[in-house]
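Colleague: Structure supplied as upload15.csv; contents: CSV, C-alpha atoms and all ligand atoms.
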chain,number,residue,atom,x,y,z
A,1,MET,CA,22.7,14.5,8.7
A,2,LEU,CA,20.7,11.8,10.6
A,3,VAL,CA,17.1,12.6,11.2
A,4,LEU,CA,15.0,10.8,13.8
A,5,GLY,CA,11.3,10.9,13.0
A,6,ILE,CA,8.4,10.2,15.3
A,7,GLU,CA,4.8,9.8,14.3
A,8,SER,CA,2.0,9.6,16.9
A,9,SER,CA,-0.9,11.5,15.4
A,10,CYS,CA,-3.5,8.7,15.6
A,11,ASP,CA,-3.4,5.0,16.1
A,12,GLU,CA,0.0,4.0,14.8
A,13,THR,CA,3.3,4.7,16.6
A,14,GLY,CA,6.1,5.1,14.1
A,15,VAL,CA,9.8,5.8,14.5
A,16,ALA,CA,12.4,6.0,11.7
A,17,LEU,CA,15.9,7.2,10.9
A,18,VAL,CA,16.5,8.9,7.6
A,19,GLU,CA,19.9,10.0,6.4
A,20,THR,CA,20.6,12.9,4.0
A,21,ALA,CA,23.3,12.6,1.4
A,22,ALA,CA,25.5,15.3,-0.2
A,23,THR,CA,23.5,14.7,-3.4
A,24,GLY,CA,20.3,13.0,-4.1
A,25,LEU,CA,17.3,12.1,-1.9
A,26,PRO,CA,17.6,11.3,1.8
A,27,ARG,CA,17.7,7.6,2.4
A,28,LEU,CA,15.6,5.5,4.9
A,29,ALA,CA,18.1,3.8,7.3
A,30,ALA,CA,15.5,2.0,9.5
A,31,HIS,CA,11.9,2.3,10.5
A,32,ALA,CA,9.6,0.6,13.1
A,33,LEU,CA,5.9,0.7,13.5
A,34,HIS,CA,3.3,-0.4,16.1
A,35,SER,CA,-0.3,-0.4,15.0
A,36,GLN,CA,-3.0,0.0,17.7
A,37,ILE,CA,-5.7,-1.3,15.5
A,38,ALA,CA,-6.3,-4.5,17.4
A,39,MET,CA,-6.6,-2.5,20.7
A,40,HIS,CA,-9.2,-0.1,19.3
A,41,GLN,CA,-11.2,-2.7,17.3
A,42,ALA,CA,-13.3,-3.7,20.4
A,43,TYR,CA,-14.6,-0.1,20.5
A,44,GLY,CA,-15.3,0.2,16.7
A,45,GLY,CA,-13.0,3.2,16.4
A,46,VAL,CA,-10.0,5.0,18.0
A,47,VAL,CA,-10.3,5.8,21.7
A,48,PRO,CA,-8.1,8.9,22.1
A,49,GLU,CA,-7.0,8.3,25.6
A,50,LEU,CA,-6.1,4.7,25.0
A,51,ALA,CA,-4.2,5.8,21.9
A,52,SER,CA,-2.1,8.3,23.9
A,53,ARG,CA,-1.3,5.8,26.6
A,54,ASP,CA,-0.2,3.2,24.1
A,55,HIS,CA,2.1,5.7,22.2
A,56,ILE,CA,3.8,6.3,25.6
A,57,ARG,CA,4.4,2.6,26.0
A,58,ARG,CA,5.6,2.0,22.5
A,59,VAL,CA,7.7,4.9,21.4
A,60,LEU,CA,11.0,4.3,23.2
A,61,PRO,CA,11.2,0.6,22.5
A,62,LEU,CA,10.5,1.4,18.8
A,63,ALA,CA,13.2,4.0,18.8
A,64,GLN,CA,15.6,1.4,20.3
A,65,ALA,CA,14.6,-1.0,17.5
A,66,VAL,CA,15.5,1.5,14.7
A,67,PHE,CA,18.8,2.4,16.3
A,68,ASP,CA,19.7,-1.3,16.5
A,69,GLU,CA,18.6,-2.0,12.9
A,70,ALA,CA,20.5,1.0,11.5
A,71,GLY,CA,23.6,0.3,13.7
A,72,LYS,CA,23.4,3.9,15.1
A,73,ARG,CA,23.4,5.4,18.5
A,74,LEU,CA,21.2,8.2,19.9
A,75,ALA,CA,24.2,10.5,20.0
A,76,ASP,CA,24.5,10.2,16.1
A,77,VAL,CA,21.1,12.0,15.7
A,78,ASP,CA,21.4,15.5,14.3
A,79,VAL,CA,17.7,16.5,14.2
A,80,VAL,CA,14.6,15.1,15.9
A,81,ALA,CA,11.4,15.4,13.9
A,82,TYR,CA,7.9,14.8,15.1
A,83,THR,CA,4.3,15.1,13.8
A,84,ARG,CA,3.0,18.4,15.0
A,85,GLY,CA,-0.5,17.9,13.5
A,86,PRO,CA,-3.2,17.4,12.4
A,87,GLY,CA,-4.3,14.5,14.7
A,88,LEU,CA,-5.5,13.7,18.2
A,89,ALA,CA,-4.2,16.3,20.7
A,90,GLY,CA,-3.2,13.8,23.4
A,91,ALA,CA,-1.6,11.4,20.9
A,92,LEU,CA,0.4,14.3,19.2
A,93,LEU,CA,1.6,15.5,22.6
A,94,VAL,CA,3.3,12.1,23.2
A,95,GLY,CA,5.4,12.3,20.1
A,96,ALA,CA,6.1,16.0,20.5
A,97,GLY,CA,7.0,15.5,24.2
A,98,VAL,CA,9.3,12.6,23.5
A,99,ALA,CA,11.0,14.4,20.5
A,100,CYS,CA,11.6,17.5,22.6
A,101,ALA,CA,12.9,15.6,25.5
A,102,LEU,CA,15.3,13.7,23.3
A,103,GLY,CA,16.4,17.0,21.6
A,104,ALA,CA,16.9,18.7,24.9
A,105,ALA,CA,18.9,15.8,26.4
A,106,LEU,CA,21.1,15.5,23.3
A,107,GLY,CA,21.4,19.2,22.8
A,108,LYS,CA,20.1,18.7,19.2
A,109,PRO,CA,17.4,20.8,17.4
A,110,VAL,CA,13.8,19.6,16.9
A,111,LEU,CA,11.4,20.1,14.0
A,112,GLY,CA,7.6,19.8,13.9
A,113,VAL,CA,6.3,18.3,10.7
A,114,HIS,CA,2.8,18.5,9.1
A,115,HIS,CA,1.4,15.0,9.0
A,116,LEU,CA,0.0,15.5,5.5
A,117,GLU,CA,3.3,16.7,4.1
A,118,GLY,CA,4.6,13.4,5.4
A,119,HIS,CA,2.1,11.5,3.4
A,120,LEU,CA,2.6,13.8,0.4
A,121,LEU,CA,6.4,13.2,0.3
A,122,SER,CA,6.2,9.5,1.2
A,123,PRO,CA,6.6,8.4,-2.4
A,124,PHE,CA,10.1,9.8,-2.3
A,125,LEU,CA,11.0,6.9,-0.1
A,126,SER,CA,10.2,4.4,-2.9
A,127,ALA,CA,12.7,3.2,-5.5
A,128,ASP,CA,10.5,4.8,-8.2
A,129,ALA,CA,10.6,8.3,-6.7
A,130,PRO,CA,8.7,11.1,-8.5
A,131,GLU,CA,10.2,14.3,-9.8
A,132,PHE,CA,8.6,17.8,-9.3
A,133,PRO,CA,6.3,19.2,-10.5
A,134,PHE,CA,3.3,16.8,-10.1
A,135,VAL,CA,-0.4,16.6,-9.2
A,136,ALA,CA,-0.9,14.9,-5.8
A,137,LEU,CA,-4.0,13.0,-4.8
A,138,LEU,CA,-3.9,12.9,-1.0
A,139,VAL,CA,-6.5,10.4,0.3
A,140,SER,CA,-6.4,9.5,3.9
A,141,GLY,CA,-8.8,8.8,6.8
A,142,GLY,CA,-9.1,12.5,7.6
A,143,HIS,CA,-8.3,14.3,4.3
A,144,THR,CA,-9.0,14.3,0.6
A,145,GLN,CA,-7.2,16.8,-1.4
A,146,LEU,CA,-5.8,17.4,-4.9
A,147,MET,CA,-2.7,19.5,-5.0
A,148,ARG,CA,-0.3,21.0,-7.5
A,149,VAL,CA,3.2,20.3,-6.1
A,150,ASP,CA,6.1,22.3,-7.6
A,151,GLY,CA,8.7,21.5,-4.9
A,152,VAL,CA,9.2,20.9,-1.2
A,153,GLY,CA,6.9,23.4,0.5
A,154,ARG,CA,5.5,24.6,-2.7
A,155,TYR,CA,1.9,23.3,-2.6
A,156,GLU,CA,-1.2,24.7,-4.1
A,157,ILE,CA,-4.6,23.1,-3.1
A,158,LEU,CA,-6.6,22.6,-6.3
A,159,GLY,CA,-9.6,21.0,-4.6
A,160,GLU,CA,-10.6,19.2,-1.4
A,161,THR,CA,-13.5,17.5,0.3
A,162,ILE,CA,-16.2,19.8,1.6
A,163,ASP,CA,-17.3,17.2,4.2
A,164,ASP,CA,-16.1,13.6,4.7
A,165,ALA,CA,-12.7,12.3,3.5
A,166,ALA,CA,-12.5,9.3,1.1
A,167,GLY,CA,-11.1,7.1,3.9
A,168,GLU,CA,-13.9,8.2,6.1
A,169,ALA,CA,-16.4,7.2,3.4
A,170,PHE,CA,-14.8,3.8,3.3
A,171,ASP,CA,-14.8,3.5,7.1
A,172,LYS,CA,-18.3,4.7,7.8
A,173,SER,CA,-19.8,2.6,5.0
A,174,ALA,CA,-17.9,-0.4,6.3
A,175,LYS,CA,-19.3,0.2,9.8
A,176,LEU,CA,-22.8,0.3,8.4
A,177,MET,CA,-22.2,-3.1,6.9
A,178,GLY,CA,-21.0,-4.4,10.2
A,179,LEU,CA,-17.3,-4.7,9.2
A,180,PRO,CA,-14.5,-4.2,11.8
A,181,TYR,CA,-12.5,-1.0,12.3
A,182,PRO,CA,-10.8,0.5,10.3
A,183,GLY,CA,-13.3,-0.4,7.6
A,184,GLY,CA,-11.4,0.6,4.4
A,185,PRO,CA,-9.2,-2.5,3.9
A,186,TRP,CA,-12.1,-4.8,5.0
A,187,LEU,CA,-14.6,-3.2,2.6
A,188,ALA,CA,-12.0,-3.4,-0.1
A,189,GLN,CA,-11.5,-7.1,0.6
A,190,LEU,CA,-15.2,-7.9,0.6
A,191,ALA,CA,-15.6,-5.9,-2.6
A,192,GLU,CA,-13.4,-8.3,-4.4
A,193,GLN,CA,-16.2,-10.9,-4.3
A,194,GLY,CA,-19.0,-8.4,-5.2
A,195,ASP,CA,-20.5,-6.8,-8.3
A,196,PRO,CA,-19.6,-3.0,-8.5
A,197,THR,CA,-22.6,-2.3,-10.7
A,198,ALA,CA,-25.1,-4.1,-8.4
A,199,PHE,CA,-26.4,-0.9,-6.7
A,200,LYS,CA,-26.7,2.6,-8.1
A,201,LEU,CA,-25.0,4.9,-5.6
A,202,PRO,CA,-24.4,8.7,-6.0
A,203,ARG,CA,-21.1,10.1,-7.4
A,204,PRO,CA,-21.2,13.4,-5.5
A,205,LEU,CA,-19.8,16.5,-7.3
A,206,LEU,CA,-18.7,14.3,-10.2
A,207,HIS,CA,-19.8,16.9,-12.7
A,208,SER,CA,-19.4,20.0,-10.5
A,209,GLY,CA,-16.7,21.4,-12.8
A,210,ASP,CA,-14.4,22.0,-9.9
A,211,LEU,CA,-11.9,19.7,-8.1
A,212,ASP,CA,-13.8,19.5,-4.8
A,213,PHE,CA,-15.1,16.3,-3.3
A,214,SER,CA,-18.1,15.4,-1.1
A,215,PHE,CA,-18.6,12.0,0.4
A,216,ALA,CA,-21.2,12.6,3.2
A,217,GLY,CA,-24.2,11.9,0.8
A,218,LEU,CA,-22.7,8.6,-0.3
A,219,LYS,CA,-22.6,7.3,3.3
A,220,THR,CA,-26.3,8.3,3.6
A,221,ALA,CA,-27.1,6.5,0.4
A,222,VAL,CA,-25.3,3.4,1.6
A,223,LEU,CA,-27.3,3.5,4.9
A,224,THR,CA,-30.6,3.8,3.0
A,225,GLN,CA,-29.6,0.9,0.8
A,226,ALA,CA,-28.6,-1.2,3.7
A,227,ARG,CA,-31.9,-0.5,5.5
A,228,LYS,CA,-33.8,-1.3,2.3
A,229,LEU,CA,-32.0,-4.7,2.1
A,230,GLY,CA,-32.9,-5.5,5.7
A,231,ASP,CA,-32.4,-9.2,6.2
A,232,ASP,CA,-30.9,-9.6,2.7
A,233,LEU,CA,-28.0,-7.3,3.6
A,234,GLN,CA,-25.9,-10.2,4.7
A,235,ALA,CA,-26.3,-12.0,1.4
A,236,ARG,CA,-25.7,-8.8,-0.7
A,237,LYS,CA,-22.9,-7.3,1.4
A,238,ALA,CA,-20.2,-8.0,-1.1
A,239,ASP,CA,-22.2,-6.3,-3.8
A,240,LEU,CA,-22.9,-3.3,-1.7
A,241,ALA,CA,-19.2,-3.1,-0.7
A,242,ALA,CA,-18.2,-3.3,-4.4
A,243,SER,CA,-20.7,-0.7,-5.4
A,244,THR,CA,-19.6,1.7,-2.6
A,245,GLN,CA,-16.0,1.3,-3.5
A,246,ALA,CA,-16.7,1.8,-7.2
A,247,ALA,CA,-18.5,5.1,-6.4
A,248,ILE,CA,-15.7,6.5,-4.3
A,249,ILE,CA,-13.0,5.4,-6.8
A,250,GLU,CA,-14.9,6.8,-9.8
A,251,VAL,CA,-14.9,10.3,-8.2
A,252,LEU,CA,-11.3,10.1,-7.2
A,253,LEU,CA,-10.3,8.9,-10.6
A,254,LYS,CA,-12.2,11.5,-12.6
A,255,LYS,CA,-11.2,14.4,-10.4
A,256,SER,CA,-7.5,13.3,-10.6
A,257,LEU,CA,-7.7,13.2,-14.4
A,258,ALA,CA,-9.4,16.6,-14.4
A,259,ALA,CA,-6.6,18.0,-12.2
A,260,LEU,CA,-4.0,16.7,-14.6
A,261,GLU,CA,-5.8,18.2,-17.5
A,262,ARG,CA,-6.2,21.6,-15.8
A,263,THR,CA,-2.5,21.8,-14.8
A,264,GLY,CA,-1.2,20.2,-17.9
A,265,LEU,CA,1.1,18.1,-15.8
A,266,GLN,CA,2.1,14.6,-16.8
A,267,ARG,CA,2.8,13.2,-13.3
A,268,LEU,CA,0.5,12.0,-10.6
A,269,VAL,CA,1.4,11.1,-7.0
A,270,VAL,CA,-1.1,9.2,-4.9
A,271,ALA,CA,-0.5,9.2,-1.1
A,272,GLY,CA,-2.4,8.4,2.1
A,273,GLY,CA,-4.1,5.3,3.4
A,274,VAL,CA,-6.7,5.0,0.7
A,275,GLY,CA,-3.7,5.0,-1.8
A,276,ALA,CA,-3.2,1.3,-0.7
A,277,ASN,CA,-6.5,0.4,-2.4
A,278,ARG,CA,-5.8,-2.1,-5.2
A,279,VAL,CA,-8.8,-1.2,-7.4
A,280,LEU,CA,-8.0,2.5,-7.2
A,281,ARG,CA,-4.4,1.7,-8.2
A,282,THR,CA,-5.4,-0.5,-11.1
A,283,GLN,CA,-7.9,2.1,-12.5
A,284,LEU,CA,-5.6,5.0,-12.0
A,285,ASN,CA,-2.7,3.1,-13.6
A,286,ALA,CA,-4.8,2.2,-16.7
A,287,ALA,CA,-6.3,5.7,-17.1
A,288,CYS,CA,-2.9,7.4,-16.7
A,289,ALA,CA,-1.1,4.9,-19.1
A,290,ARG,CA,-3.6,5.9,-21.8
A,291,ARG,CA,-2.7,9.5,-21.2
A,292,LYS,CA,1.1,8.9,-20.9
A,293,VAL,CA,0.9,10.1,-17.3
A,294,ARG,CA,3.4,8.6,-14.8
A,295,VAL,CA,1.8,7.6,-11.5
A,296,HIS,CA,3.8,7.2,-8.3
A,297,TYR,CA,2.8,5.7,-5.0
A,298,PRO,CA,4.5,5.1,-1.7
A,299,GLU,CA,5.4,1.5,-1.0
A,300,LEU,CA,2.3,-0.3,0.1
A,301,HIS,CA,3.4,-0.6,3.7
A,302,LEU,CA,4.2,3.2,3.9
A,303,CYS,CA,0.7,4.3,2.6
A,304,THR,CA,-0.8,4.4,6.1
A,305,ASP,CA,0.7,6.3,9.0
A,306,ASN,CA,4.4,5.7,9.7
A,307,GLY,CA,7.5,7.4,11.1
A,308,ALA,CA,9.5,7.1,7.9
A,309,MET,CA,7.4,9.7,6.1
A,310,ILE,CA,7.8,12.2,9.0
A,311,ALA,CA,11.6,11.7,9.1
A,312,MET,CA,11.7,12.0,5.2
A,313,ALA,CA,9.5,15.2,5.1
A,314,ALA,CA,11.8,16.8,7.8
A,315,ALA,CA,15.0,15.7,5.9
A,316,MET,CA,13.6,17.1,2.6
A,317,ARG,CA,12.5,20.4,4.2
A,318,LEU,CA,16.0,20.8,5.8
A,319,GLN,CA,17.8,19.8,2.5
A,320,ALA,CA,15.6,22.3,0.6
A,321,GLY,CA,16.5,25.0,3.1
A,322,MET,CA,12.7,25.5,3.8
A,323,GLN,CA,13.0,25.3,7.6
A,324,GLN,CA,15.4,25.6,10.4
A,325,PRO,CA,15.1,23.2,13.3
A,326,THR,CA,15.0,24.9,16.7
A,327,GLU,CA,16.6,24.4,20.0
A,328,VAL,CA,13.5,25.6,21.8
A,329,TYR,CA,12.0,22.6,23.5
A,330,ALA,CA,8.7,24.2,24.5
A,331,PHE,CA,6.6,21.9,22.3
A,332,ASP,CA,3.3,22.7,20.7
A,333,VAL,CA,0.9,20.6,18.6
A,334,LYS,CA,-1.7,21.5,16.1
A,335,PRO,CA,-4.6,19.0,16.3
A,336,ARG,CA,-6.5,20.8,13.5
B,401,LIG,O1,-3.2,7.9,6.0
B,401,LIG,P1,-3.9,7.1,7.0
B,401,LIG,O2,-3.2,5.9,7.6
B,401,LIG,O3,-4.4,7.9,8.2
B,401,LIG,C1,-4.8,9.2,8.2
B,401,LIG,O4,-3.9,10.1,8.1
B,401,LIG,O5,-6.0,9.4,8.1
B,401,LIG,O6,-5.2,6.5,6.3
B,401,LIG,C2,-6.1,5.7,7.0
B,401,LIG,C3,-7.3,5.5,6.1
B,401,LIG,C4,-8.5,4.8,6.8
B,401,LIG,O7,-9.7,5.5,6.5
B,401,LIG,C5,-8.4,3.4,6.1
B,401,LIG,O8,-9.7,2.8,6.1
B,401,LIG,C6,-8.0,3.7,4.7
B,401,LIG,O9,-7.0,4.7,4.9
B,401,LIG,N1,-7.5,2.6,4.0
B,401,LIG,C7,-8.0,2.0,2.9
B,401,LIG,C8,-7.2,0.9,2.5
B,401,LIG,N2,-6.2,0.8,3.4
B,401,LIG,C9,-6.4,1.8,4.3
B,401,LIG,N3,-9.1,2.4,2.2
B,401,LIG,C10,-9.5,1.7,1.1
B,401,LIG,N4,-8.8,0.6,0.7
B,401,LIG,C11,-7.7,0.2,1.4
B,401,LIG,N5,-7.0,-0.9,0.9
B,402,ZN,ZN,-2.2,9.8,8.0
Mind converting the file's structure to structure tokens?
Ligand code: KG4
Ligand code: ZN

Modeller:
Amino acid sequence: MLVLGIESSCDETGVALVETAATGLPRLAAHALHSQIAMHQAYGGVVPELASRDHIRRVLPLAQAVFDEAGKRLADVDVVAYTRGPGLAGALLVGAGVACALGAALGKPVLGVHHLEGHLLSPFLSADAPEFPFVALLVSGGHTQLMRVDGVGRYEILGETIDDAAGEAFDKSAKLMGLPYPGGPWLAQLAEQGDPTAFKLPRPLLHSGDLDFSFAGLKTAVLTQARKLGDDLQARKADLAASTQAAIIEVLLKKSLAALERTGLQRLVVAGGVGANRVLRTQLNAACARRKVRVHYPELHLCTDNGAMIAMAAAMRLQAGMQQPTEVYAFDVKPR
């Protein structure tokens, strides 16, 4: 079965082809991505209407590119999958509309996929794929969750953020420091030259005894610190970046370890854009190695949004018999 996957929930247009096999995991045949980051940078964040229009421009040329790369034709597709949500309504509608139009034209079924399930299952695209069950730390720009994952579609939320997501904490703090959008990778890069112990910043809910997160207070503390520094901010920016990153990572690390302890599981999967963070990976790897816990990540270039994870999630759901694709082409999206 050949699954075409389309991702358009925010500021990346992603298209991919994933092929299922009689045994084993589905395999990525080709994927292509266009990031709109450069376009939105001038505005300091994603402009939804510009995002939608750019998805329209990019999606079919990207689809053509994946068919060329995989040596397949449109007629070879068995199922068309798209991101149904969460995301920006207009942006989602482009992917959903294109997927349903292709499905209708080909007479092939379509399948709407949850964006976070795409992130969650993205490590199955890597050579070092995990095995069920595992604890998942899902850290993206919009979500921060710890989950117990027993199989495809068998997810139990153990804890989640009560306000900002971890990626949001990176992005908002970076913005306060005058770094470009999206701030996460920029802040991480700046932090490499800074002292993570330079500023005392809060570790919200670190000792709350549950597995929830809160990052809104951290952003306020960074703002207060930046104001206090005044003209010195420029000179101390790397230290503030390193201290902010250290605060976010310490909470993510401790809560992940607590989730492993609570579930008794020996396997951790880290997914979502923040999972690309080098210091987070280094610290998680070291802490998990001491506990004989295996850690799995998606490949670095598949941490942020992409079509491969959407095609993969659809293929895995179909293979597990979790869902039937439909031949009803009245599309809907779920922004929230
Ligand atoms: O998963 P993703 O592409 O989009 C959502 O579904 O939200 O995640 C994007 C988030 C942004 O907040 C971005 O700043 C963050 O991931 N991010 C990083 C790094 N790379 C991306 N945060 C920290 N360190 C990084 N290296
Ligand atoms: Zn995402």

Colleague: Kindly compile the residues surrounding ligand ZN 402 (chain B) within 10 Å, counting all atoms listed in the file, and format them as an NGL selection string.

Modeller: :A and (7-12 or 85-87 or 115-120 or 138-143 or 271-274 or 303-306 or 309)

Colleague: For the point (6.8, 4.7, 6.9) in the file's frame, write as a PyMOL selection string all residues with an atom no more than 12 Å away, counting all atoms listed in the file.

Modeller: chain A and resi 5-7+12-18+28-35+115+118-126+271-273+298-313

Colleague: Give me a file of those residues, with C-alpha atoms, as a compact mmCIF listing (two decimals), keeping the file's coordinate frame.

Modeller:
# COMPACT_ATOMS: atom_id res chain seq x y z
CA GLY A 5 11.30 10.90 13.00
CA ILE A 6 8.40 10.20 15.30
CA GLU A 7 4.80 9.80 14.30
CA GLU A 12 0.00 4.00 14.80
CA THR A 13 3.30 4.70 16.60
CA GLY A 14 6.10 5.10 14.10
CA VAL A 15 9.80 5.80 14.50
CA ALA A 16 12.40 6.00 11.70
CA LEU A 17 15.90 7.20 10.90
CA VAL A 18 16.50 8.90 7.60
CA LEU A 28 15.60 5.50 4.90
CA ALA A 29 18.10 3.80 7.30
CA ALA A 30 15.50 2.00 9.50
CA HIS A 31 11.90 2.30 10.50
CA ALA A 32 9.60 0.60 13.10
CA LEU A 33 5.90 0.70 13.50
CA HIS A 34 3.30 -0.40 16.10
CA SER A 35 -0.30 -0.40 15.00
CA HIS A 115 1.40 15.00 9.00
CA GLY A 118 4.60 13.40 5.40
CA HIS A 119 2.10 11.50 3.40
CA LEU A 120 2.60 13.80 0.40
CA LEU A 121 6.40 13.20 0.30
CA SER A 122 6.20 9.50 1.20
CA PRO A 123 6.60 8.40 -2.40
CA PHE A 124 10.10 9.80 -2.30
CA LEU A 125 11.00 6.90 -0.10
CA SER A 126 10.20 4.40 -2.90
CA ALA A 271 -0.50 9.20 -1.10
CA GLY A 272 -2.40 8.40 2.10
CA GLY A 273 -4.10 5.30 3.40
CA PRO A 298 4.50 5.10 -1.70
CA GLU A 299 5.40 1.50 -1.00
CA LEU A 300 2.30 -0.30 0.10
CA HIS A 301 3.40 -0.60 3.70
CA LEU A 302 4.20 3.20 3.90
CA CYS A 303 0.70 4.30 2.60
CA THR A 304 -0.80 4.40 6.10
CA ASP A 305 0.70 6.30 9.00
CA ASN A 306 4.40 5.70 9.70
CA GLY A 307 7.50 7.40 11.10
CA ALA A 308 9.50 7.10 7.90
CA MET A 309 7.40 9.70 6.10
CA ILE A 310 7.80 12.20 9.00
CA ALA A 311 11.60 11.70 9.10
CA MET A 312 11.70 12.00 5.20
CA ALA A 313 9.50 15.20 5.10

Colleague: Let me make sure I understand: among A:Glu192, A:Asp239, A:Asp78, A:Glu49, which one has the smallest atom-to-atom distance to ligand LIG 401 (chain B) if we use all atoms listed in the file?

Modeller: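 Closest residue, counting all atoms listed in the file: A:Glu192.
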
Colleague: With distances taken over only C-alpha atoms and all ligand atoms, which residue among A:Arg278, A:Lys200, A:Arg336, A:Lys254 lies nearest ligand LIG 401 (chain B)?

Modeller: A:Arg278

Colleague: To one decimal in Å, tell me the separation between CA of Lys172 in chain A and CA of Pro204 in chain A.

Modeller: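 The value is 16.2 Å.
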
Colleague: Rank A:Ala70, A:Leu229, A:Ala289, A:Leu158 by their smallest atom-to-atom distance to Asp210 in chain A, using all atoms listed in the file, and report the top residue only.

Modeller: A:Leu158

Colleague: Please measure the separation of CA of Leu257 in chain A and CA of Gln189 in chain A, giving the value in Å to one decimal.

Modeller: 25.5 Å

Colleague: Quick one: axis-aligned box around all listed atoms of range 30-38 of chain A, 5 Å on every side, centre and edge lengths in Å to one decimal, written as JSON.

Modeller:
{"center_x": 4.6, "center_y": -1.1, "center_z": 13.6, "size_x": 31.8, "size_y": 16.8, "size_z": 18.2}

Colleague: Which residues are near range 19-26 of chain A? Cut-off 7 Å, all atoms listed in the file, ignore same chain within fewer than 4 positions. Put them as a list in words.

Modeller: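 My list of contacting residues is Met1, Leu2, Val3, Met312 and Ala315 of chain A.
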
Colleague: To one decimal place, how far is atom C4 of ligand LIG 401 (chain B) from CA of Gly159 in chain A in Å?

Modeller: 19.8 Å

Colleague: Check the smallest atom-to-atom distance from each of A:Ala51, A:Met147, A:Leu218, A:Val333 to Gly112 in chain A using all atoms listed in the file, then report the winner.

Modeller: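 Counting all atoms listed in the file, the residue closest to Gly112 in chain A is A:Val333.
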
Colleague: Find the residue from A:Val149, A:Ala314, A:Leu206, A:Leu240 that sits nearest to Leu4 in chain A; use all atoms listed in the file when measuring.

Modeller: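 Looking only at the distances to Leu4 in chain A, the closest residue turns out to be A:Ala314.
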
Colleague: For Ala136 in chain A, which residue out of A:Gly178, A:Gly194, A:Pro109, A:Gly151 is the nearest one, using all atoms listed in the file?

Modeller: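 Of the candidates, the smallest distance to Ala136 in chain A is held by A:Gly151.
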
Colleague: Considering all atoms listed in the file, return as an mmCIF file with C-alpha atoms, in the frame of the given file whatever protein or nucleic-acid residues lie within 12 Å of Ala330 in chain A, sequence-local ones (same chain, fewer than 4 positions apart) excluded.

Modeller:
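Once everything was written out, this is result-v5.cif:
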data_model
loop_
_atom_site.group_PDB
_atom_site.id
_atom_site.type_symbol
_atom_site.label_atom_id
_atom_site.label_comp_id
_atom_site.auth_asym_id
_atom_site.auth_seq_id
_atom_site.Cartn_x
_atom_site.Cartn_y
_atom_site.Cartn_z
ATOM 1 C CA LEU A 93 1.600 15.500 22.600
ATOM 2 C CA ALA A 96 6.100 16.000 20.500
ATOM 3 C CA GLY A 97 7.000 15.500 24.200
ATOM 4 C CA VAL A 98 9.300 12.600 23.500
ATOM 5 C CA ALA A 99 11.000 14.400 20.500
ATOM 6 C CA CYS A 100 11.600 17.500 22.600
ATOM 7 C CA ALA A 101 12.900 15.600 25.500
ATOM 8 C CA GLY A 103 16.400 17.000 21.600
ATOM 9 C CA ALA A 104 16.900 18.700 24.900
ATOM 10 C CA PRO A 109 17.400 20.800 17.400
ATOM 11 C CA VAL A 110 13.800 19.600 16.900
ATOM 12 C CA LEU A 111 11.400 20.100 14.000
ATOM 13 C CA GLY A 112 7.600 19.800 13.900
ATOM 14 C CA THR A 326 15.000 24.900 16.700
#

Colleague: Would you mind putting back N, CA and C atoms on range 296-306 of chain A, then writing it out as a compact mmCIF listing (two decimals), keeping the file's coordinate frame?

Modeller:
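Final output, saved to selection-v5.txt:
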# COMPACT_ATOMS: atom_id res chain seq x y z
N HIS A 296 2.92 7.66 -9.36
CA HIS A 296 3.80 7.20 -8.30
C HIS A 296 3.05 7.01 -7.00
N TYR A 297 3.39 5.95 -6.31
CA TYR A 297 2.80 5.70 -5.00
C TYR A 297 3.88 5.44 -4.00
N PRO A 298 3.52 5.62 -2.71
CA PRO A 298 4.50 5.10 -1.70
C PRO A 298 4.45 3.62 -1.72
N GLU A 299 5.47 2.99 -1.17
CA GLU A 299 5.40 1.50 -1.00
C GLU A 299 4.17 1.20 -0.21
N LEU A 300 3.58 0.06 -0.50
CA LEU A 300 2.30 -0.30 0.10
C LEU A 300 2.30 -0.16 1.64
N HIS A 301 3.38 -0.60 2.27
CA HIS A 301 3.40 -0.60 3.70
C HIS A 301 3.66 0.84 4.29
N LEU A 302 3.95 1.80 3.40
CA LEU A 302 4.20 3.20 3.90
C LEU A 302 2.99 4.10 3.42
N CYS A 303 1.89 3.50 2.95
CA CYS A 303 0.70 4.30 2.60
C CYS A 303 0.01 4.82 3.82
N THR A 304 -0.16 3.96 4.82
CA THR A 304 -0.80 4.40 6.10
C THR A 304 0.28 5.04 6.95
N ASP A 305 -0.15 5.53 8.13
CA ASP A 305 0.70 6.30 9.00
C ASP A 305 2.02 5.58 9.36
N ASN A 306 3.13 6.30 9.37
CA ASN A 306 4.40 5.70 9.70
C ASN A 306 5.43 6.79 10.06
